[in-house]
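All remarks here apply to the structure that follows.
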Amino acid sequence: MLDMYFDGAGVPRTYTGKTEMSYRCRILIPHLMLTVFLCLPAFSEGNIGVTYHRGTFDDSRWGVRGDADVRTAGVWEYIGLDIDGHLQFGDVYTGNIETGLTLSSLGLGVRLYSANTFKGDALDTLGRDHRIGGAFVLPIGERLWSIGLFGKNGTASASTSHGLSIKAGRSLNVGISTEWNISRLELEVKGALELRGKGISVHQLITEIRTHGKLFWRLRWHLRSTLATQLYGEQIEAEISNTVAIGYLF
């Protein structure tokens, strides 16, 4: 008997073979990440708040964001579980949620993560980019470098594209990133090169600048500016976005 699940558009489907394995991996990996912390003492910190977003291809939009970070020590020098997500409303809907597990010892770290990004003009026609991968993390000088592989499965939006297009289908990619602090600024540059996939190849380069500070009580302000470029086949796509957030630290 075939099992049933619902896809991103709410359509009931059945799955077997590779599709079944892919579906089970999506469910299993987040549970494995959480299980690590069930028997270990941990320190946790979170933030939840509202955002104001302005991009080059859409009007001003409001949204919500949240993040949580759980850290503990054990056999490894550092074990961390982080969850970060945001959702913007308006003429264009955009959002992202990423869950990551980081293990670090003797200066070398390993990170496993699952990330979902979506975008579209209507909730029932959102394009979706789902990534599952792993990377080695290594501090060199004052910078933190990361390199690894990730698999991507995309669903193109049925509506007009805004900024970077989402490629439909599966692909294998290599991800490289570096980040460092400059005074009160956090600067991150990350690239993604498609190694294998059907159709056109898609390569990305994203630069992000972040900063934050304290307001009063447990309220914090956050500012993020992002420049994203993409080689979509032979076409170059780009978008700039700026987001201001006010969050409550818990």
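For the structure tokens, the naming scheme is as follows: chains receive sequential letters (A, B, ...) according to their order of presentation, residues are indexed from 1 within each chain, and ligands are indexed from 1 in presentation order.
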Selection: 7 Å around A:Glu194, only C-alpha atoms, excl. self and same-chain fewer than 3 positions, as JSON, numbers by chain | {"A": [171, 172, 173, 174, 201, 202, 203]}
Any idea what's packed within 7 Å of A:Val189, counting only C-alpha atoms, ignoring anything in its chain fewer than 6 positions away? Could you give it as number ranges by chain?
-> A: 177-179, 206-208
Keeping only N, CA and C atoms, write the selected residues as a CSV table (one decimal), in the first residue's frame.
chain,number,residue,atom,x,y,z
A,177,SER,N,32.0,29.7,1.9
A,177,SER,CA,31.6,31.0,2.6
A,177,SER,C,32.8,31.4,3.6
A,178,THR,N,32.8,32.7,3.8
A,178,THR,CA,33.7,33.2,4.8
A,178,THR,C,33.0,34.4,5.5
A,179,GLU,N,33.3,34.6,6.8
A,179,GLU,CA,32.7,35.7,7.6
A,179,GLU,C,33.7,36.2,8.6
A,206,ILE,N,26.6,35.8,-2.7
A,206,ILE,CA,25.8,36.6,-1.8
A,206,ILE,C,26.7,37.3,-0.8
A,207,THR,N,26.5,38.6,-0.6
A,207,THR,CA,27.3,39.4,0.4
A,207,THR,C,26.3,40.0,1.3
A,208,GLU,N,26.5,39.7,2.6
A,208,GLU,CA,25.6,40.2,3.7
A,208,GLU,C,26.3,40.9,4.8
Skip A:Glu142 itself and residues of its chain fewer than 5 positions away, then list as a list in words all residues within 12 Å of it, counting only C-alpha atoms.
-> Thr178, Glu179, Trp180, Asn181, Ile182, Glu186 and Leu187 of chain A
Quote the spacing between atom CA of A:Lys119 and atom CA of A:Val50 in Å to one decimal place.
->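 Value for the atom CA of A:Lys119-atom CA of A:Val50 distance: 18.8 Å.
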Name all residues at most 6 Å from A:Val244 (count only C-alpha atoms; drop same-chain ones fewer than 4 positions away) and give them as JSON, numbers by chain.
-> {"A": [51, 52, 222, 223]}
Give the answer as one residue: which of A:Ile200, A:Leu219, A:Leu249, A:Leu87 has the shortest atom-to-atom distance to A:Glu45, using only C-alpha atoms?
->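 Going through A:Ile200, A:Leu219, A:Leu249, A:Leu87 one by one, the smallest distance to A:Glu45 is for A:Leu249.
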Here atom CA of A:His130 and atom CA of A:Val92 stand apart by 19.1 Å
Contact residues around A:Gly109 with only C-alpha atoms at 12 Å, ignoring same-chain residues under 5 positions, as a VMD selection string = chain A and resid 76 to 80 101 to 104 134 to 139 144 to 148
Next, write the just-selected residues to a file, as a short mmCIF file (atom, residue, chain, number, x, y, z; two decimals), in the first residue's frame, keeping C-alpha atoms as the atom set.
data_model
loop_
_atom_site.label_atom_id
_atom_site.label_comp_id
_atom_site.auth_asym_id
_atom_site.auth_seq_id
_atom_site.Cartn_x
_atom_site.Cartn_y
_atom_site.Cartn_z
CA TRP A 76 33.33 17.98 21.56
CA GLU A 77 34.52 21.42 22.63
CA TYR A 78 31.35 22.93 21.22
CA ILE A 79 27.97 21.60 20.12
CA GLY A 80 25.41 24.09 18.81
CA LEU A 101 23.86 21.49 13.91
CA THR A 102 27.51 22.41 14.51
CA LEU A 103 30.14 20.18 16.15
CA SER A 104 33.58 21.63 16.90
CA GLY A 134 27.12 19.59 5.32
CA ALA A 135 30.32 21.60 5.55
CA PHE A 136 33.68 21.79 7.29
CA VAL A 137 34.22 24.99 9.28
CA LEU A 138 37.74 26.25 9.94
CA PRO A 139 38.99 29.52 11.50
CA LEU A 144 35.83 31.78 9.60
CA TRP A 145 35.81 29.67 6.44
CA SER A 146 33.33 26.99 5.42
CA ILE A 147 33.31 24.58 2.48
CA GLY A 148 30.99 21.66 1.79
#
Could you check which of A:Arg128, A:Arg111, A:Arg184, A:Lys190 is closest to A:Gly169, using only C-alpha atoms?
->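 Closest residue, counting only C-alpha atoms: A:Arg128.
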Identify which of the residues A:Gln235, A:Asn153, A:Ser114, A:Gln88 lies closest to A:His53, counting only C-alpha atoms when measuring atom-to-atom distances.
-> A:Gln88
